[in-house]
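Chemist: Dropping in my_file-v2.txt, with compact mmCIF, C-alpha atoms.
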```
# COMPACT_ATOMS: atom_id res chain seq x y z
CA MET A 40 -13.13 54.01 -55.15
CA GLN A 41 -16.32 55.73 -56.32
CA SER A 42 -14.55 59.05 -55.63
CA LEU A 43 -12.31 58.51 -58.67
CA LYS A 44 -15.30 58.86 -61.01
CA ARG A 45 -16.21 62.36 -59.82
CA GLY A 46 -14.77 65.54 -61.30
CA ILE A 47 -14.82 67.42 -57.97
CA PHE A 48 -12.54 64.75 -56.48
CA TRP A 49 -9.87 65.43 -59.11
CA ASN A 50 -10.19 69.15 -58.52
CA PHE A 51 -9.41 68.75 -54.83
CA GLY A 52 -6.70 66.25 -55.72
CA GLY A 53 -5.12 69.03 -57.79
CA LEU A 54 -5.31 71.44 -54.86
CA TYR A 55 -3.48 68.94 -52.71
CA PHE A 56 -0.93 68.23 -55.44
CA PHE A 57 0.22 71.79 -56.06
CA TYR A 58 0.09 72.88 -52.41
CA PHE A 59 2.18 69.96 -51.20
CA ALA A 60 4.56 70.33 -54.11
CA VAL A 61 5.45 73.68 -52.51
CA TRP A 62 5.65 72.03 -49.09
CA GLN A 63 8.01 69.32 -50.33
CA LEU A 64 10.27 71.74 -52.19
CA ILE A 65 10.70 73.84 -49.06
CA PHE A 66 11.35 71.02 -46.60
CA THR A 67 13.63 69.09 -48.95
CA PHE A 68 15.76 71.94 -50.28
CA LEU A 69 15.54 74.75 -47.71
CA PRO A 70 18.13 73.05 -45.40
CA TYR A 71 20.58 72.93 -48.34
CA TRP A 72 19.84 76.56 -49.25
CA LEU A 73 20.32 77.71 -45.65
CA LYS A 74 23.65 75.88 -45.37
CA GLY A 75 24.86 76.69 -48.92
CA PRO A 76 23.81 80.03 -50.49
CA ALA A 77 22.69 81.49 -47.15
CA GLY A 78 25.78 80.26 -45.26
CA MET A 79 23.99 79.33 -42.00
CA ASP A 80 25.11 76.75 -39.43
CA THR A 81 22.71 74.17 -37.96
CA THR A 82 21.85 76.37 -34.96
CA THR A 83 20.82 79.38 -37.08
CA SER A 84 18.99 77.08 -39.50
CA GLY A 85 17.10 75.69 -36.52
CA LEU A 86 16.05 79.25 -35.68
CA VAL A 87 14.36 79.56 -39.11
CA PHE A 88 12.25 76.46 -38.44
CA SER A 89 11.52 77.58 -34.88
CA ILE A 90 10.23 80.93 -36.12
CA MET A 91 8.10 79.15 -38.73
CA SER A 92 6.56 77.13 -35.92
CA PHE A 93 6.15 80.11 -33.60
CA GLY A 94 4.40 82.06 -36.35
CA ALA A 95 1.99 79.19 -36.88
CA LEU A 96 1.47 79.05 -33.13
CA ILE A 97 -0.03 82.54 -33.41
CA LEU A 98 -1.88 81.96 -36.69
CA GLN A 99 -3.57 78.58 -36.24
CA PRO A 100 -5.62 79.46 -33.12
CA ILE A 101 -6.95 82.42 -35.14
CA PHE A 102 -7.46 80.53 -38.40
CA GLY A 103 -9.34 77.58 -36.82
CA PRO A 104 -12.42 79.36 -35.43
CA ILE A 105 -12.53 81.67 -38.48
CA GLN A 106 -12.57 78.69 -40.87
CA ASP A 107 -15.29 76.98 -38.83
CA ARG A 108 -17.44 80.09 -39.26
CA LEU A 109 -16.58 80.41 -42.97
CA GLY A 110 -17.48 76.80 -43.69
CA LEU A 111 -16.56 76.28 -47.35
CA LYS A 112 -16.01 79.93 -48.21
CA LYS A 113 -12.56 80.40 -49.73
CA GLY A 114 -11.17 83.59 -48.19
CA LEU A 115 -8.46 82.08 -45.98
CA PHE A 116 -7.41 79.61 -48.67
CA TYR A 117 -6.93 82.48 -51.15
CA PHE A 118 -4.81 84.31 -48.58
CA VAL A 119 -2.45 81.33 -48.22
CA ILE A 120 -2.15 81.05 -52.01
CA LEU A 121 -1.32 84.77 -52.30
CA CYS A 122 1.51 84.38 -49.78
CA ILE A 123 2.98 81.46 -51.74
CA LEU A 124 2.78 83.45 -54.97
CA PHE A 125 5.49 85.84 -53.75
CA LEU A 126 8.03 83.19 -52.66
CA GLY A 127 10.05 83.30 -55.89
CA PRO A 128 10.81 87.04 -55.84
CA LEU A 129 11.20 87.14 -52.05
CA PHE A 130 13.88 84.44 -51.92
CA GLN A 131 15.82 85.98 -54.79
CA TRP A 132 15.58 89.68 -53.98
CA VAL A 133 14.74 89.97 -50.27
CA PHE A 134 15.66 86.96 -48.12
CA LEU A 135 19.15 86.27 -49.50
CA PRO A 136 20.40 89.89 -49.21
CA LEU A 137 18.81 90.17 -45.75
CA VAL A 138 20.57 87.02 -44.53
CA GLY A 139 23.84 88.36 -45.94
CA ALA A 140 23.42 91.55 -43.93
CA ASN A 141 22.24 89.94 -40.68
CA GLN A 142 21.68 86.19 -40.30
CA ILE A 143 19.50 86.40 -37.21
CA LEU A 144 17.21 89.07 -38.69
CA GLY A 145 17.06 87.16 -41.98
CA ALA A 146 16.13 83.95 -40.15
CA VAL A 147 13.34 85.69 -38.24
CA VAL A 148 11.82 87.43 -41.30
CA MET A 149 12.10 84.34 -43.48
CA GLY A 150 10.64 82.03 -40.84
CA ALA A 151 7.73 84.39 -40.12
CA TYR A 152 6.76 84.66 -43.78
CA LEU A 153 7.10 80.93 -44.45
CA SER A 154 4.77 80.24 -41.52
CA LEU A 155 2.00 82.04 -43.45
CA CYS A 156 2.55 79.71 -46.41
CA LEU A 157 3.32 76.43 -44.65
CA ASN A 158 3.20 75.80 -40.89
CA GLY A 159 0.24 78.16 -40.43
CA GLY A 160 -1.30 77.87 -43.87
CA VAL A 161 -1.37 74.08 -43.99
CA GLY A 162 -4.09 74.02 -41.32
CA VAL A 163 -6.35 76.07 -43.59
CA VAL A 164 -5.70 73.77 -46.55
CA GLU A 165 -6.21 70.52 -44.62
CA ALA A 166 -9.31 71.68 -42.72
CA TYR A 167 -10.92 73.11 -45.85
CA ASN A 168 -10.29 69.99 -47.91
CA GLU A 169 -11.40 67.59 -45.16
CA ARG A 170 -14.65 69.52 -44.73
CA SER A 171 -15.11 69.50 -48.50
CA SER A 172 -14.67 65.72 -48.58
CA ARG A 173 -17.73 65.41 -46.34
CA ALA A 174 -19.70 68.05 -48.22
CA TYR A 175 -19.03 66.50 -51.65
CA SER A 176 -18.99 62.86 -50.39
CA PHE A 177 -15.54 61.67 -51.41
CA GLU A 178 -12.90 59.91 -49.28
CA TYR A 179 -10.49 62.41 -47.75
CA GLY A 180 -7.65 59.89 -47.67
CA HIS A 181 -7.89 59.24 -51.40
CA ALA A 182 -7.72 62.94 -52.25
CA ARG A 183 -4.85 63.36 -49.78
CA LEU A 184 -2.73 60.84 -51.69
CA PHE A 185 -2.26 63.55 -54.35
CA GLY A 186 -0.15 65.33 -51.75
CA SER A 187 2.10 62.28 -51.65
CA LEU A 188 2.33 62.19 -55.45
CA ALA A 189 3.26 65.86 -55.36
CA GLY A 190 5.99 65.15 -52.84
CA ALA A 191 7.52 62.46 -55.04
CA THR A 192 7.31 64.63 -58.15
CA ALA A 193 8.66 67.74 -56.42
CA SER A 194 11.58 65.84 -54.88
CA PHE A 195 12.60 64.28 -58.20
CA VAL A 196 12.14 67.37 -60.38
CA GLY A 197 13.47 69.62 -57.63
CA GLY A 198 16.69 67.62 -57.46
CA ILE A 199 17.30 68.29 -61.16
CA MET A 200 16.40 71.97 -60.81
CA TRP A 201 18.60 72.38 -57.73
CA ALA A 202 21.63 70.95 -59.53
CA LYS A 203 21.18 73.42 -62.41
CA ASN A 204 19.99 76.56 -60.57
CA THR A 205 19.22 76.69 -56.86
CA GLY A 206 17.01 79.77 -57.24
CA SER A 207 14.66 78.00 -59.67
CA ILE A 208 13.23 76.00 -56.74
CA PHE A 209 11.53 79.08 -55.33
CA TRP A 210 10.18 80.29 -58.67
CA ALA A 211 8.60 76.84 -59.08
CA MET A 212 6.63 77.60 -55.90
CA THR A 213 5.31 80.79 -57.45
CA PHE A 214 4.15 78.77 -60.46
CA CYS A 215 2.38 76.27 -58.17
CA ALA A 216 0.55 79.14 -56.44
CA ALA A 217 -0.76 80.42 -59.79
CA VAL A 218 -2.18 76.96 -60.58
CA LEU A 219 -3.69 76.72 -57.09
CA PHE A 220 -5.50 80.01 -57.63
CA VAL A 221 -7.14 78.68 -60.82
CA LEU A 222 -8.10 75.32 -59.25
CA LEU A 223 -9.68 76.94 -56.18
CA THR A 224 -11.54 79.50 -58.27
CA VAL A 225 -13.32 76.84 -60.36
CA VAL A 226 -14.61 74.99 -57.25
CA LYS A 227 -18.32 75.76 -56.98
CA LEU A 228 -19.64 76.28 -53.47
CA PRO A 229 -22.60 74.07 -52.46
CA ASP A 230 -25.90 75.80 -51.76
CA ASP A 231 -25.15 75.57 -48.05
CA HIS A 232 -21.54 76.67 -47.52
CA MET A 233 -21.62 75.06 -44.07
CA ALA A 234 -22.50 71.65 -45.55
CA GLY A 235 -19.11 70.11 -44.86
CA GLU A 236 -19.49 70.79 -41.15
CA VAL A 237 -22.81 68.98 -40.69
CA ARG A 238 -22.17 65.69 -42.46
CA ASP A 239 -20.44 62.60 -41.13
CA GLU A 240 -18.08 60.28 -43.02
CA GLN A 241 -21.03 58.56 -44.70
CA GLY A 242 -22.52 61.88 -45.85
CA ASN A 243 -25.43 61.70 -43.36
CA ALA A 244 -26.80 64.89 -41.86
CA ALA A 245 -25.57 65.63 -38.34
CA LYS A 246 -26.00 68.31 -35.69
CA ASN A 247 -26.52 71.75 -37.27
CA GLU A 248 -27.06 74.24 -34.45
CA PRO A 249 -24.87 77.36 -34.07
CA ILE A 250 -21.72 76.77 -32.04
CA THR A 251 -22.02 78.14 -28.50
CA ARG A 252 -19.19 79.49 -26.37
CA GLU A 253 -19.68 76.61 -23.92
CA GLU A 254 -19.33 74.04 -26.71
CA TRP A 255 -16.17 75.71 -27.95
CA LEU A 256 -14.67 75.78 -24.44
CA SER A 257 -15.63 72.14 -23.88
CA ILE A 258 -12.80 71.14 -26.23
CA PHE A 259 -10.26 72.22 -23.63
CA LYS A 260 -11.99 70.27 -20.85
CA ASN A 261 -11.76 67.02 -22.81
CA ARG A 262 -8.86 64.78 -21.72
CA SER A 263 -8.81 63.19 -25.18
CA PHE A 264 -7.93 66.61 -26.62
CA TRP A 265 -4.89 66.97 -24.34
CA GLY A 266 -3.83 63.39 -24.95
CA PHE A 267 -4.16 64.00 -28.67
CA CYS A 268 -1.95 67.11 -28.33
CA LEU A 269 0.77 65.17 -26.50
CA LEU A 270 0.72 62.33 -29.00
CA ILE A 271 0.99 64.82 -31.88
CA ILE A 272 4.01 66.48 -30.23
CA GLY A 273 5.63 63.07 -29.84
CA SER A 274 4.93 61.99 -33.41
CA ALA A 275 4.14 64.71 -35.97
CA THR A 276 6.35 67.31 -34.25
CA MET A 277 9.28 64.94 -33.87
CA TYR A 278 8.87 63.73 -37.44
CA ASP A 279 9.46 67.29 -38.67
CA VAL A 280 12.29 67.91 -36.18
CA PHE A 281 13.94 64.71 -37.40
CA ASP A 282 13.50 65.76 -41.04
CA GLN A 283 14.79 69.32 -40.66
CA GLN A 284 18.49 68.39 -40.54
CA PHE A 285 18.31 64.82 -41.89
CA PRO A 286 19.15 65.93 -45.48
CA ASN A 287 22.45 67.35 -44.21
CA TYR A 288 23.11 64.18 -42.19
CA PHE A 289 22.42 62.07 -45.28
CA ALA A 290 24.65 64.28 -47.47
CA SER A 291 27.50 63.93 -44.93
CA PHE A 292 27.94 60.33 -46.13
CA PHE A 293 28.99 61.66 -49.55
CA SER A 294 32.27 63.35 -50.48
CA ASP A 295 30.32 65.72 -52.79
CA ALA A 296 27.47 67.47 -50.94
CA THR A 297 25.64 68.33 -54.20
CA ALA A 298 25.70 64.68 -55.26
CA GLY A 299 24.37 63.73 -51.83
CA ALA A 300 21.54 66.23 -52.11
CA THR A 301 20.59 64.98 -55.59
CA PHE A 302 20.66 61.33 -54.48
CA PHE A 303 18.59 62.14 -51.39
CA SER A 304 15.93 63.84 -53.53
CA ARG A 305 15.58 60.60 -55.51
CA VAL A 306 15.29 58.54 -52.34
CA VAL A 307 12.53 60.85 -51.11
CA SER A 308 10.77 60.50 -54.49
CA VAL A 309 10.69 56.72 -54.12
CA GLN A 310 9.57 57.01 -50.50
CA ILE A 311 6.66 59.26 -51.37
CA LEU A 312 5.57 57.14 -54.33
CA LEU A 313 5.39 54.18 -51.93
CA GLU A 314 3.51 56.44 -49.53
CA ALA A 315 0.94 57.24 -52.23
CA ILE A 316 0.36 53.53 -52.85
CA CYS A 317 -0.20 52.98 -49.13
CA MET A 318 -2.68 55.88 -49.08
CA LEU A 319 -4.96 53.99 -51.49
CA PHE A 320 -5.61 51.32 -48.87
CA MET A 321 -5.14 53.29 -45.66
CA PRO A 322 -8.72 54.67 -45.25
CA ALA A 323 -10.15 51.14 -45.26
CA LEU A 324 -7.47 49.93 -42.82
CA ILE A 325 -8.03 52.82 -40.39
CA ASN A 326 -11.81 52.23 -40.55
CA LYS A 327 -11.07 48.67 -39.41
CA ILE A 328 -8.44 49.18 -36.69
CA GLY A 329 -9.47 52.64 -35.45
CA ALA A 330 -7.82 56.05 -35.78
CA LYS A 331 -6.19 55.97 -32.32
CA THR A 332 -4.49 52.69 -33.17
CA GLY A 333 -3.34 54.20 -36.45
CA LEU A 334 -1.74 57.12 -34.61
CA LEU A 335 0.03 54.75 -32.21
CA ILE A 336 1.43 52.76 -35.13
CA TYR A 337 2.63 56.01 -36.68
CA GLY A 338 4.47 56.96 -33.49
CA GLY A 339 5.94 53.47 -33.18
CA ILE A 340 7.40 53.47 -36.70
CA LEU A 341 8.88 56.92 -36.14
CA PHE A 342 10.53 55.73 -32.92
CA VAL A 343 12.11 52.78 -34.76
CA ARG A 344 13.36 55.02 -37.57
CA VAL A 345 14.97 57.61 -35.31
CA LEU A 346 16.52 55.01 -33.01
CA GLY A 347 17.86 53.06 -35.99
CA CYS A 348 19.52 56.13 -37.49
CA ALA A 349 21.53 56.53 -34.28
CA PHE A 350 23.40 53.32 -35.13
CA ILE A 351 23.41 53.21 -38.94
CA ASN A 352 26.67 54.08 -40.69
CA THR A 353 26.15 52.87 -44.27
CA ILE A 354 24.28 54.52 -47.14
CA PRO A 355 22.18 51.44 -48.16
CA MET A 356 20.85 50.98 -44.61
CA LEU A 357 20.21 54.71 -44.29
CA VAL A 358 18.19 54.59 -47.52
CA PHE A 359 16.15 51.63 -46.25
CA TRP A 360 15.46 53.36 -42.92
CA ARG A 361 14.34 56.49 -44.78
CA LEU A 362 11.93 54.44 -46.91
CA LEU A 363 10.15 53.29 -43.74
CA ALA A 364 8.62 56.78 -43.72
CA ALA A 365 6.41 55.56 -46.58
CA LEU A 366 4.46 53.61 -43.93
CA GLU A 367 4.42 56.41 -41.35
CA MET A 368 2.73 59.24 -43.18
CA PRO A 369 -0.38 57.38 -44.45
CA PHE A 370 -1.14 56.25 -40.89
CA MET A 371 -0.86 59.84 -39.64
CA LEU A 372 -2.60 61.66 -42.48
CA VAL A 373 -5.74 59.51 -42.41
CA SER A 374 -5.86 58.81 -38.66
CA VAL A 375 -5.67 62.45 -37.54
CA MET A 376 -8.76 63.58 -39.46
CA LYS A 377 -10.77 60.45 -38.67
CA TYR A 378 -9.98 60.72 -34.97
CA ILE A 379 -11.05 64.38 -34.87
CA THR A 380 -14.36 63.85 -36.67
CA ARG A 381 -15.21 60.72 -34.65
CA VAL A 382 -14.35 61.86 -31.12
CA PHE A 383 -15.11 65.61 -31.26
CA ASP A 384 -18.02 67.75 -32.48
CA LYS A 385 -17.82 67.84 -36.29
CA ARG A 386 -18.87 71.49 -36.36
CA LEU A 387 -15.61 72.29 -34.57
CA SER A 388 -13.39 70.14 -36.81
CA ALA A 389 -11.25 73.05 -38.05
CA THR A 390 -10.79 74.41 -34.52
CA VAL A 391 -9.84 71.01 -33.08
CA TYR A 392 -7.48 70.37 -35.99
CA MET A 393 -5.73 73.72 -35.77
CA TYR A 394 -5.45 73.66 -31.98
CA GLY A 395 -4.98 69.95 -31.33
CA PHE A 396 -2.83 69.17 -34.33
CA GLY A 397 -1.57 72.49 -35.69
CA THR A 398 -0.95 74.51 -32.53
CA ALA A 399 0.31 71.55 -30.49
CA LYS A 400 2.67 70.61 -33.28
CA GLN A 401 3.96 74.17 -33.63
CA ILE A 402 4.54 74.50 -29.87
CA GLY A 403 6.64 71.38 -30.08
CA LEU A 404 8.49 72.59 -33.16
CA THR A 405 9.17 76.00 -31.64
CA VAL A 406 10.80 74.35 -28.62
CA PHE A 407 12.45 71.30 -30.15
CA SER A 408 13.69 72.70 -33.50
CA LEU A 409 16.12 75.06 -31.78
CA PHE A 410 16.84 72.56 -28.99
CA MET A 411 17.71 69.74 -31.41
CA GLY A 412 19.64 72.15 -33.63
CA ASN A 413 21.89 72.79 -30.62
CA MET A 414 22.04 69.06 -29.81
CA TYR A 415 23.19 68.23 -33.36
CA THR A 416 25.97 70.78 -32.96
CA ALA A 417 26.93 69.79 -29.39
CA LEU A 418 26.46 65.98 -29.48
CA GLY A 419 26.58 65.06 -33.16
CA PHE A 420 23.78 63.36 -35.07
CA HIS A 421 24.10 59.87 -33.57
CA HIS A 422 23.79 60.85 -29.90
CA ALA A 423 21.15 63.50 -30.71
CA TYR A 424 19.02 60.81 -32.38
CA LEU A 425 19.13 58.69 -29.20
CA LEU A 426 17.77 61.66 -27.24
CA LEU A 427 15.09 62.31 -29.87
CA ALA A 428 13.95 58.66 -29.79
CA ALA A 429 13.51 58.85 -26.01
CA LEU A 430 11.40 62.01 -26.31
CA ILE A 431 9.18 60.33 -28.92
CA ALA A 432 8.53 57.34 -26.66
CA VAL A 433 7.58 59.46 -23.65
CA PHE A 434 5.15 61.79 -25.46
CA VAL A 435 3.43 59.04 -27.48
CA ILE A 436 2.90 56.74 -24.47
CA VAL A 437 1.57 59.47 -22.15
CA GLY A 438 -0.68 60.92 -24.87
CA SER A 439 -2.19 57.55 -25.76
CA LEU A 440 -3.10 56.88 -22.12
CA LEU A 441 -5.24 60.05 -22.07
CA MET A 442 -6.98 59.54 -25.44
CA ARG A 443 -10.38 57.91 -25.74
CA SER A 444 -10.68 55.11 -28.29
CA ASP A 445 -12.58 56.14 -31.43
CA ALA A 446 -13.51 52.50 -32.07
CA LYS A 447 -16.03 52.73 -29.20
CA THR A 448 -17.44 55.92 -30.74
CA GLU A 449 -17.96 54.14 -34.05
CA GLN A 450 -19.76 51.25 -32.35
CA ILE A 451 -22.13 53.64 -30.56
CA ALA A 452 -22.82 55.45 -33.87
CA ARG A 453 -23.83 52.15 -35.44
```
Could you take the file, read its structure, and then write that structure out as structure tokens?
Modeler:
Amino acid sequence: MQSLKRGIFWNFGGLYFFYFAVWQLIFTFLPYWLKGPAGMDTTTSGLVFSIMSFGALILQPIFGPIQDRLGLKKGLFYFVILCILFLGPLFQWVFLPLVGANQILGAVVMGAYLSLCLNGGVGVVEAYNERSSRAYSFEYGHARLFGSLAGATASFVGGIMWAKNTGSIFWAMTFCAAVLFVLLTVVKLPDDHMAGEVRDEQGNAAKNEPITREEWLSIFKNRSFWGFCLLIIGSATMYDVFDQQFPNYFASFFSDATAGATFFSRVVSVQILLEAICMLFMPALINKIGAKTGLLIYGGILFVRVLGCAFINTIPMLVFWRLLAALEMPFMLVSVMKYITRVFDKRLSATVYMYGFGTAKQIGLTVFSLFMGNMYTALGFHHAYLLLAALIAVFVIVGSLLMRSDAKTEQIAR
């Protein structure tokens, strides 16, 4: 908890807060906007999310090596912020008229732009902040909990804004981008901008030679990398696929869709507040049980949630099952970064994150967003959830069998 006493920790907490406020607003209210003002069905809405993922599939393999070479320089982070800054005017004056003229074209343009801000941009934000946590010696997981607080706040406030004026949601994102610009600008670079890449979790100096082509290629010869990719597809990818249309499924239990959307936003607020509480203790727990174990627990909880939703038909039980997500995300958020920095070369942390987590996740989303969108339409939510649960189980089990345990790595380091 020593991190809480340092000003730089609160600065990075603010960066997480305002970035993930934008993230939460999009993923909570975009499905409603696509179905309501934009007039899209679930299949066309799925195309938006597939394009977002496909765009990130192109961006993250480029962003990763660039960020590893930039170290703590801010160029890519500023670029992501600039893209978010234009969301308010784009949704009001560009995306809505474009969708009205041609839904497919509108879905493609909207999804491509949002990938710069979210599915592609999030890798820059996470990699930069994780590296900074090592450079400035604060616990990444504790700073990351500000993202959870942002999610709770954005869901609650966004629900009120949505009920009064749906367009205000997107202008709120523009406001968040302006605050992000100020917060990033006041962060002072350390004397060595590569410092975050050559320190371990305890702040000790580590390997500091230039990255060779052979070392970079060695990532793709490592079976743990491919196992990690499969596990991420089965967990983080499927979590997002599950969430993409879940707000509409939840709202279907209400006679008034607007009331359902408002109630759901409050449920999400409670979920994310519980998530933030769990984040306080999660770094210590993952240090004890190991990051691989944490990722397996994450996948297991997701499997239970999706399978349960295939049989639930009452609002109270649906709310309870949704609140289980408060346990999922802390396991994933902390375990992913700790596994990467323990098992792989720390100098390549951004590359491993953006390929192993970001790119793998986006490949999965590109394929399964559109696929599950069609399954929701063809089979209905209940039968589609049974199929999704089976996919989760297969990917998580196969991936875990290929991954090396990070607990052994920690023992060797000691």
Chemist: Could you name the residues that touch A:Tyr117 at 12 Å or less, counting all atoms listed in the file, but leaving out those on the same chain fewer than 2 positions away, as a PyMOL selection string?
Modeler: chain A and resi 54+58+112-115+119-124+155-156+160+163-164+167+216-224
Chemist: Out of A:Phe48, A:Phe350, A:Trp255, A:Trp132, which residue has the shortest atom-to-atom distance to A:His181 when counting only C-alpha atoms?
Modeler: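 Closest candidate: A:Phe48.
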Chemist: As a ChimeraX atom specification, please: the residues near A:Ala323 (cut-off 12 Å, only C-alpha atoms, same-chain neighbours under 3 positions excluded).
Modeler: /A:40,178-181,317-320,326-330,333,369-370,373-374,377
Chemist: Measuring atom to atom with only C-alpha atoms, identify which of A:Ile402, A:Ala389, A:Ala191, A:Leu357 is nearest to A:Gly94.
Modeler: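 Counting only C-alpha atoms, the residue closest to A:Gly94 is A:Ile402.
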Chemist: Using all atoms listed in the file for the distances, tell me which of A:Thr405, A:Ser304, A:Thr390, A:Thr213 is nearest to A:Gln106.
Modeler: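 That would be A:Thr390, the residue with the smallest distance to A:Gln106.
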Chemist: Where atoms are absent from stretch 419-432 of chain A, fill them in so it carries N, CA, C and O atoms, then output it as a PDB file, in the frame of the given file.
Modeler:
```
ATOM      1  N   GLY A 419      26.481  65.811 -31.910  1.00  0.00           N
ATOM      2  CA  GLY A 419      26.580  65.060 -33.160  1.00  0.00           C
ATOM      3  C   GLY A 419      25.269  64.358 -33.437  1.00  0.00           C
ATOM      4  O   GLY A 419      24.432  64.172 -32.539  1.00  0.00           O
ATOM      5  N   PHE A 420      25.065  63.932 -34.672  1.00  0.00           N
ATOM      6  CA  PHE A 420      23.780  63.360 -35.070  1.00  0.00           C
ATOM      7  C   PHE A 420      23.451  62.074 -34.317  1.00  0.00           C
ATOM      8  O   PHE A 420      22.308  61.878 -33.880  1.00  0.00           O
ATOM      9  N   HIS A 421      24.399  61.176 -34.150  1.00  0.00           N
ATOM     10  CA  HIS A 421      24.100  59.870 -33.570  1.00  0.00           C
ATOM     11  C   HIS A 421      23.562  59.977 -32.142  1.00  0.00           C
ATOM     12  O   HIS A 421      22.523  59.389 -31.811  1.00  0.00           O
ATOM     13  N   HIS A 422      24.240  60.706 -31.286  1.00  0.00           N
ATOM     14  CA  HIS A 422      23.790  60.850 -29.900  1.00  0.00           C
ATOM     15  C   HIS A 422      22.510  61.691 -29.818  1.00  0.00           C
ATOM     16  O   HIS A 422      21.646  61.440 -28.965  1.00  0.00           O
ATOM     17  N   ALA A 423      22.374  62.683 -30.695  1.00  0.00           N
ATOM     18  CA  ALA A 423      21.150  63.500 -30.710  1.00  0.00           C
ATOM     19  C   ALA A 423      19.938  62.653 -31.083  1.00  0.00           C
ATOM     20  O   ALA A 423      18.839  62.847 -30.537  1.00  0.00           O
ATOM     21  N   TYR A 424      20.127  61.688 -31.991  1.00  0.00           N
ATOM     22  CA  TYR A 424      19.020  60.810 -32.380  1.00  0.00           C
ATOM     23  C   TYR A 424      18.578  59.912 -31.223  1.00  0.00           C
ATOM     24  O   TYR A 424      17.389  59.591 -31.096  1.00  0.00           O
ATOM     25  N   LEU A 425      19.508  59.481 -30.374  1.00  0.00           N
ATOM     26  CA  LEU A 425      19.130  58.690 -29.200  1.00  0.00           C
ATOM     27  C   LEU A 425      18.232  59.512 -28.272  1.00  0.00           C
ATOM     28  O   LEU A 425      17.226  59.010 -27.757  1.00  0.00           O
ATOM     29  N   LEU A 426      18.584  60.766 -28.066  1.00  0.00           N
ATOM     30  CA  LEU A 426      17.770  61.660 -27.240  1.00  0.00           C
ATOM     31  C   LEU A 426      16.400  61.873 -27.861  1.00  0.00           C
ATOM     32  O   LEU A 426      15.369  61.837 -27.168  1.00  0.00           O
ATOM     33  N   LEU A 427      16.357  62.082 -29.181  1.00  0.00           N
ATOM     34  CA  LEU A 427      15.090  62.310 -29.870  1.00  0.00           C
ATOM     35  C   LEU A 427      14.181  61.092 -29.773  1.00  0.00           C
ATOM     36  O   LEU A 427      12.962  61.220 -29.570  1.00  0.00           O
ATOM     37  N   ALA A 428      14.743  59.896 -29.902  1.00  0.00           N
ATOM     38  CA  ALA A 428      13.950  58.660 -29.790  1.00  0.00           C
ATOM     39  C   ALA A 428      13.314  58.544 -28.409  1.00  0.00           C
ATOM     40  O   ALA A 428      12.147  58.139 -28.278  1.00  0.00           O
ATOM     41  N   ALA A 429      14.055  58.907 -27.365  1.00  0.00           N
ATOM     42  CA  ALA A 429      13.510  58.850 -26.010  1.00  0.00           C
ATOM     43  C   ALA A 429      12.350  59.823 -25.833  1.00  0.00           C
ATOM     44  O   ALA A 429      11.327  59.497 -25.213  1.00  0.00           O
ATOM     45  N   LEU A 430      12.477  61.022 -26.386  1.00  0.00           N
ATOM     46  CA  LEU A 430      11.400  62.010 -26.310  1.00  0.00           C
ATOM     47  C   LEU A 430      10.142  61.514 -27.012  1.00  0.00           C
ATOM     48  O   LEU A 430       9.019  61.685 -26.521  1.00  0.00           O
ATOM     49  N   ILE A 431      10.311  60.878 -28.172  1.00  0.00           N
ATOM     50  CA  ILE A 431       9.180  60.330 -28.920  1.00  0.00           C
ATOM     51  C   ILE A 431       8.430  59.316 -28.072  1.00  0.00           C
ATOM     52  O   ILE A 431       7.196  59.355 -27.958  1.00  0.00           O
ATOM     53  N   ALA A 432       9.154  58.395 -27.457  1.00  0.00           N
ATOM     54  CA  ALA A 432       8.530  57.340 -26.660  1.00  0.00           C
ATOM     55  C   ALA A 432       7.716  57.917 -25.504  1.00  0.00           C
ATOM     56  O   ALA A 432       6.572  57.501 -25.260  1.00  0.00           O
TER      57      ALA A 432
END
```
